[in-house]
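Participant: Input: one structure, supplied below.
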Amino acid sequence: MRIPPVLAALLALSAPLAAQQLSDRSQPPALSPTARLTLPEIQKRTLTSGLRVWIVEVHEVPLVQVNLVIHAGSGDDPEGEFGLASLTAAMLDEGAGTRSALELADAVEFLGAELGTTSSFDASAVRLNAPALRLEQALPIMADVALRPTFAAEELDRLRQERLTALIQARDDPAAAAGPAFARVVYGAQHRYGTGAAGTTATLTAFTPAEVRAFHAAMYRPSNATLIVAGDVTVAAVLPLLERAFGAWAADGAARKSPVPAAQQLAATEVTIVDMPGAEQSQIRIGWVGVARSTPDYFALQVLNTVLGGSFTSRLNQNLREQHGYAYGASSQFAMRLAPGPFFAGAGVQTDKTAESLTEFFKELRGISTPIASDELTKAKNYLALSFPSDFETIDDLAARLEDLAIYSLPDRFFADYTTNISAVTSAAVQQAARRFIQPDKFAVVVVGDRQRIEPAIRALDLGPVSVRSVDDVLP
Amino acid sequence: MPNVRSSALLVLVVASSALGVAAQPAASVPAAAGGAPLEVPFRQFRLDNGLNVILHRDASVPVVAVNVWYHVGSANERPGRTGFAHLFEHLMFEGSKNVAEGEFDTLLEAAGGNNNGSTSNDRTNYIIDVPANALELALFLESDRMGYLLDTMTPALVDGQRDVVKNERRQSYENRPYGMAELELDKMLWPPGHPYHWPVIGYMEDLTAASYDDVVQFFKTYYAPNNASLVVAGDIDLDRAEALVTKWFGEIPRGADVMPVAPPAAMLTEVARATLKDRVQLPRLYLAWLTPRHFAPGDATLDVLAAVLADGKGSRLYKRLVYDTQIAQDISAYQSSGALGSSFQIIATARPGHTADEMQQAIDEEIARVQREPPDAREVERALNQIEASFYRRMERVGGFSGKADQLNAYSALGGGPDFFAEDLARYTTLTPADVQAAASEWLPARRRVELVVEPEEDR
């Protein structure tokens, strides 16, 4: 020890006098006027192929993000073929144009670029992030992947095994199993939202290259796509490159779309225990069929959910984590899709406090329908409105926000008006939305945990009929 | 679940940069960037109380990041109190003399801000990201807990966060498939008495034993301004930011100097092999070696070796085990860099019907190959191009755990100065295939390593 403890203490005591006077800490400092986020303009063009192109110039870092959005996702999976959209997207970069899967990966990585394919319930996408100077070399590879995938049988067999194995792994993991289990209970086996995007063991086992090829031919069309470019480019310089890559994309006719129907709403609480012997925590999901992204209550629901379970100081997190210490965190969300997706509240809670946690969940879910104090409401609205600029820090964040505009047909002014729209939400509007969309007496309760240790106390709560299922039942 | 805060990082963390993932950082410079400068201009000064301060202006989005590193992590703990640095981190959000319990989060959310903290073996960091107009609020909150945390600390607050942290341990380790293997691996790699031997999250019984008195002592020992570093980055005026930092942090008294951790030597002299049972259906294999600490010679080379082995479809191990023979579901390799030492790890999960032994044999053949002959020039260049591009991707964000504010603090802590970006990248750009071969030979010996296998429990 270099300085004896006694001397160190003396030094510590004398320091503040030498340093400065104490600042006034009786009140937190006031906020200075808000700086407005000014987003660069979305410049819209159309390629010869009819493909819509949106370009936003951002010249901060020499990188470019290019996202090709296909307006078809798992929601467009044909009956009996759940998992097809997801598999099709995953197959795109497993061989395309003249390159094999390995040659594609090598070419992209050699450029220092990242190329990914993905799909959700509402859309599919090919996303490229490339150094600006290498965009010209990377775009033709991206176009091959999106437009000219090979769909080779041996590659499909490989992905099939990978996905079947991933299903096995999900059944080992309470946190991974809880979401799909809840979806299955709320939506059932027939509705598309009742099965995970990747499909089931049965559908995965049956897929053929012909089915994948047919889905691609039907859905991947310039008339059913939007190309989004954000980053260190100019419109004048990038348009010819885009034209070369996507200008000759040809497909006759319209895409074969089949919108997901709204699901039957739940009528009474039922409890489902999914048995995971030995689990140290129970994964809880509580909720029902929520709303579509097109809901007129969008802004009120954003505020409502922020109060309920959408922020650190939200009621659920404060209760389950800070007040009781039952969980590392608790939250809620409305999964808004083209059709009404699930609303759910959830947490991983310690096994011996499972029933107590359920009681607290229901207390908060019931409480949200009574008027919210004005400071709590203001806090939530400010949190949403004032943190909005941070969603636009990187070009891939920006491109993702633009994808939302395209997928959900939102107005161009959506970003510019966001803060105003959040500020306009009234207490009455939140309360009305809560009464309509949060009805705990009709909620499904799904608990993935150690049945032996949690079942008696859950039954004693008398929330509704209790059934016990295996993880294979809910994750087929 | 989004509402969790603060994680006990398992990996030795590090300059958010270079490591972590197999592929991160470095290479053939002007090609990708076109000569774009890789630099982060900064102003640095030290307050009289010893607080290191770094300011960086980036006005591209009207946000500000306030980032504090305390040079204390689980490596500073003593046996019997493992997990304490991380438990303490949780307590830093529970209020201080002029900030009532709950107000820290409430004030920040009402201003549109977010906050978080994380603990690694070597350091504890705290982040506050706010709209630019809330800079002074963030500095007030951050300074109040640096100066006045103990004024409102109580045994009840300690008990509350003890329960939360125990649930974090359950959620992130005990209840997560293969979660306990990571803890076991560190135990096998580092000798008892070495501070990397125990997990950042701590042992359950030690979390139970942690007391209010421990909190008081820990704060006084480690949470003084002279053991901390503050970065303010984003849409700021440098002069005003300097004045505000001085106003809010200048009055906090200096503490005693903190003695550096003096770890016992760590080396593996043979193969340490163990098998762990878990509630899983697929076996997983962990191979691990002790390697040079962060920024020491060999550290960057091992990042590149990791990329050649397991980053991307064409990488050697991925191609052989996952793509061609399909005996593995996934495989990863990375150099996990720490201030006191590093480890190189290869982790592979078996496909149904395949075994850890099968995977180990294939992996060992590939390691032997890269030890025998250098990788192709293209393999190395591909890795370097990826690493270089990742440096630019890291320049986009100022806040969060990987933004520029945290990187400035990381580089500052690890030596070399805050704007070490270009120098860090240069560690990679000069590497050759022969360097990669030499690193594989020197640091990945088959007879001195850890082999950990996770097997399904019998009744599955």
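Each chain in the structure tokens gets a letter, A, B and so on, in the order shown; residues start at 1 in every chain, and ligands are counted from 1 in the order they appear.
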When DSSP is applied to the backbone of this structure, which of region 52-180 of chain B are assigned helix (DSSP H, G or I)? Write them out as number ranges by chain.
Facilitator: B: 74-76, 84-91, 103-110, 132-151, 155-174, 179-180
Participant: For Glu211 (chain A), find every residue with an atom within 8 Å (counting only C-alpha atoms), except residues of its own chain fewer than 4 positions away, and show them as JSON, numbers by chain.
Facilitator: {"A": [84, 207, 215]}
Participant: For the residues selected in the previous step, produce a file with N, CA and C atoms as a compact mmCIF listing (two decimals), in the first residue's frame.
Facilitator:
```
# COMPACT_ATOMS: atom_id res chain seq x y z
N LEU A 84 -42.59 -21.50 -45.19
CA LEU A 84 -42.09 -21.39 -46.56
C LEU A 84 -41.42 -20.03 -46.83
N PHE A 207 -40.77 -29.75 -47.14
CA PHE A 207 -40.51 -28.75 -48.18
C PHE A 207 -39.62 -29.27 -49.31
N PHE A 215 -42.71 -20.03 -54.55
CA PHE A 215 -42.98 -18.89 -53.67
C PHE A 215 -42.16 -17.69 -54.13
```
Participant: Give me the residues near region 138-140 of chain B as a PyMOL selection string, where near means some atom within 7 Å (using only C-alpha atoms) and where sequence neighbours in that chain fewer than 6 positions away do not count.
Facilitator: (chain A and resi 28) or (chain B and resi 128+245+248)
Participant: How far is it from CA of Asn114 (chain B) to CA of Ser369 (chain A), in Å with one decimal?
Facilitator: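 Between these atoms lies a distance of 26.7 Å.
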Participant: Within 10 Å of region 449-466 of chain A, which residues of region 72-185 of chain A show up? Give each one with its shortest atom-to-atom distance in Å (one decimal) and the two atoms involved, counting only C-alpha atoms, rows by chain then rising residue number, as CSV.
Facilitator:
```
residue,atom,partner,partner_atom,distance
A:Pro174,CA,A:Gly449,CA,7.1
A:Ala175,CA,A:Gly449,CA,9.9
A:Ala178,CA,A:Gly449,CA,9.5
```
Participant: With a distance cut-off of 8 Å and only C-alpha atoms, select the neighbouring residues of region 93-104 of chain B, excluding the residue or stretch itself and same-chain residues fewer than 5 positions from it, and output the selection as an mmCIF file with C-alpha atoms, in the first residue's frame.
Facilitator:
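The result, stored in around.cif:
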```cif
data_model
loop_
_atom_site.group_PDB
_atom_site.id
_atom_site.type_symbol
_atom_site.label_atom_id
_atom_site.label_comp_id
_atom_site.auth_asym_id
_atom_site.auth_seq_id
_atom_site.Cartn_x
_atom_site.Cartn_y
_atom_site.Cartn_z
ATOM 1 C CA ARG A 25 -28.092 20.083 -5.701
ATOM 2 C CA SER A 26 -31.463 20.873 -4.177
ATOM 3 C CA GLN A 27 -33.168 20.629 -7.563
ATOM 4 C CA THR A 313 -39.865 2.585 -14.688
ATOM 5 C CA LEU B 141 -27.233 12.410 -11.705
ATOM 6 C CA ASP B 144 -24.449 12.686 -7.324
ATOM 7 C CA ARG B 145 -23.976 8.943 -7.166
ATOM 8 C CA TYR B 148 -23.049 10.933 -2.398
ATOM 9 C CA LEU B 149 -24.207 7.338 -2.884
ATOM 10 C CA LEU B 150 -23.762 6.289 0.739
ATOM 11 C CA ASP B 151 -25.898 9.093 2.144
ATOM 12 C CA THR B 152 -29.041 7.171 1.252
ATOM 13 C CA MET B 153 -27.780 3.586 1.057
ATOM 14 C CA LEU B 157 -31.767 -1.511 -0.791
#
```
Participant: Hey, what's within 10 Å of Asn115 (chain B) if we count only C-alpha atoms and toss same-chain stuff fewer than 5 positions away? As a PyMOL selection string, please?
Facilitator: (chain A and resi 312) or (chain B and resi 5-6+65-67+93+104-105+108-109+126-130+138+399-400)
Participant: With N, CA and C atoms retained, export the selected residues as a tab-separated table (two decimals), in the first residue's frame.
Facilitator:
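Output contents, as saved in result-v2.tsv:
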```tsv
chain	number	residue	atom	x	y	z
A	312	PHE	N	-38.12	1.05	-18.24
A	312	PHE	CA	-37.58	0.55	-16.97
A	312	PHE	C	-38.48	0.94	-15.79
B	5	ARG	N	-31.66	-4.44	-16.79
B	5	ARG	CA	-30.57	-3.49	-16.86
B	5	ARG	C	-29.37	-4.12	-16.22
B	6	SER	N	-28.23	-3.82	-16.79
B	6	SER	CA	-27.02	-4.21	-16.18
B	6	SER	C	-26.79	-5.68	-16.35
B	65	ALA	N	-23.97	11.27	-25.05
B	65	ALA	CA	-23.66	10.09	-24.25
B	65	ALA	C	-22.76	10.49	-23.10
B	66	VAL	N	-23.16	10.13	-21.89
B	66	VAL	CA	-22.31	10.32	-20.71
B	66	VAL	C	-21.90	8.94	-20.24
B	67	ASN	N	-20.61	8.68	-20.25
B	67	ASN	CA	-20.11	7.32	-20.05
B	67	ASN	C	-19.02	7.34	-18.98
B	93	PHE	N	-27.97	2.55	-9.07
B	93	PHE	CA	-29.18	3.10	-9.68
B	93	PHE	C	-30.29	3.34	-8.67
B	104	PHE	N	-33.70	8.43	-10.24
B	104	PHE	CA	-32.65	8.36	-11.27
B	104	PHE	C	-33.28	7.97	-12.62
B	105	ASP	N	-34.06	6.91	-12.59
B	105	ASP	CA	-34.71	6.46	-13.82
B	105	ASP	C	-35.85	7.38	-14.24
B	108	LEU	N	-34.60	10.59	-15.89
B	108	LEU	CA	-34.02	10.35	-17.21
B	108	LEU	C	-35.09	9.98	-18.24
B	109	GLU	N	-36.04	9.13	-17.86
B	109	GLU	CA	-37.08	8.77	-18.82
B	109	GLU	C	-37.92	9.99	-19.19
B	126	TYR	N	-20.91	2.73	-16.78
B	126	TYR	CA	-22.26	3.28	-16.65
B	126	TYR	C	-22.53	4.18	-17.84
B	127	ILE	N	-23.68	3.98	-18.45
B	127	ILE	CA	-23.99	4.81	-19.61
B	127	ILE	C	-25.30	5.54	-19.39
B	128	ILE	N	-25.30	6.81	-19.78
B	128	ILE	CA	-26.53	7.59	-19.84
B	128	ILE	C	-26.58	8.22	-21.23
B	129	ASP	N	-27.62	7.91	-21.98
B	129	ASP	CA	-27.81	8.51	-23.30
B	129	ASP	C	-29.04	9.41	-23.23
B	130	VAL	N	-28.85	10.68	-23.55
B	130	VAL	CA	-29.96	11.63	-23.44
B	130	VAL	C	-30.02	12.53	-24.67
B	138	ALA	N	-27.97	14.81	-16.85
B	138	ALA	CA	-27.19	13.57	-16.81
B	138	ALA	C	-25.94	13.74	-15.95
B	399	GLY	N	-23.48	6.57	-28.27
B	399	GLY	CA	-23.86	6.05	-26.96
B	399	GLY	C	-23.95	4.53	-26.91
B	400	GLY	N	-24.61	4.04	-25.87
B	400	GLY	CA	-24.77	2.61	-25.70
B	400	GLY	C	-23.48	1.96	-25.25
```
Participant: Tell me which of B:Tyr196, B:Leu230, B:Gln329, B:Tyr392 sits closest to Arg163 (chain A), counting only C-alpha atoms.
Facilitator: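 Under the stated criterion, the closest residue is B:Gln329.
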Participant: May I have the residues within 10 Å of Asp330 (chain B) as a PyMOL selection string, using only C-alpha atoms and disregarding those fewer than 2 positions away in the same chain?
Facilitator: (chain A and resi 162) or (chain B and resi 284+310+317-318+321-323+326-328+332+347-351)
Participant: Please list as JSON, numbers by chain every residue within 9 Å of region 102-116 of chain A, counting only C-alpha atoms and excluding residues in the same chain fewer than 5 positions away.
Facilitator: {"A": [90, 93, 94, 95, 96, 125, 126, 127, 128, 129, 130, 131, 134, 135, 137, 138, 141, 142, 145], "B": [32, 312, 313, 314, 315, 319, 378, 379, 381, 382, 383, 384, 385, 386, 387, 388, 389, 390]}
Participant: Restricting the calculation to only C-alpha atoms, which member of A:Pro340, A:Gly329, A:Pro149, A:Gly194 is positioned closest to chain B?
Facilitator: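 Closest candidate: A:Gly329.
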Participant: Identify which of the residues A:Ser119, A:Thr226, A:Gln21, A:Gln333 lies closest to Lys247 (chain B), counting only C-alpha atoms when measuring atom-to-atom distances.
Facilitator: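 Among A:Ser119, A:Thr226, A:Gln21, A:Gln333, it is A:Gln21 that comes nearest to Lys247 (chain B).
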Participant: One decimal, Å: what's the distance from CA of Leu107 (chain B) over to CA of Arg46 (chain B), could you say?
Facilitator: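 Atom-to-atom, CA of Leu107 (chain B) and CA of Arg46 (chain B) are spaced 28.1 Å apart.
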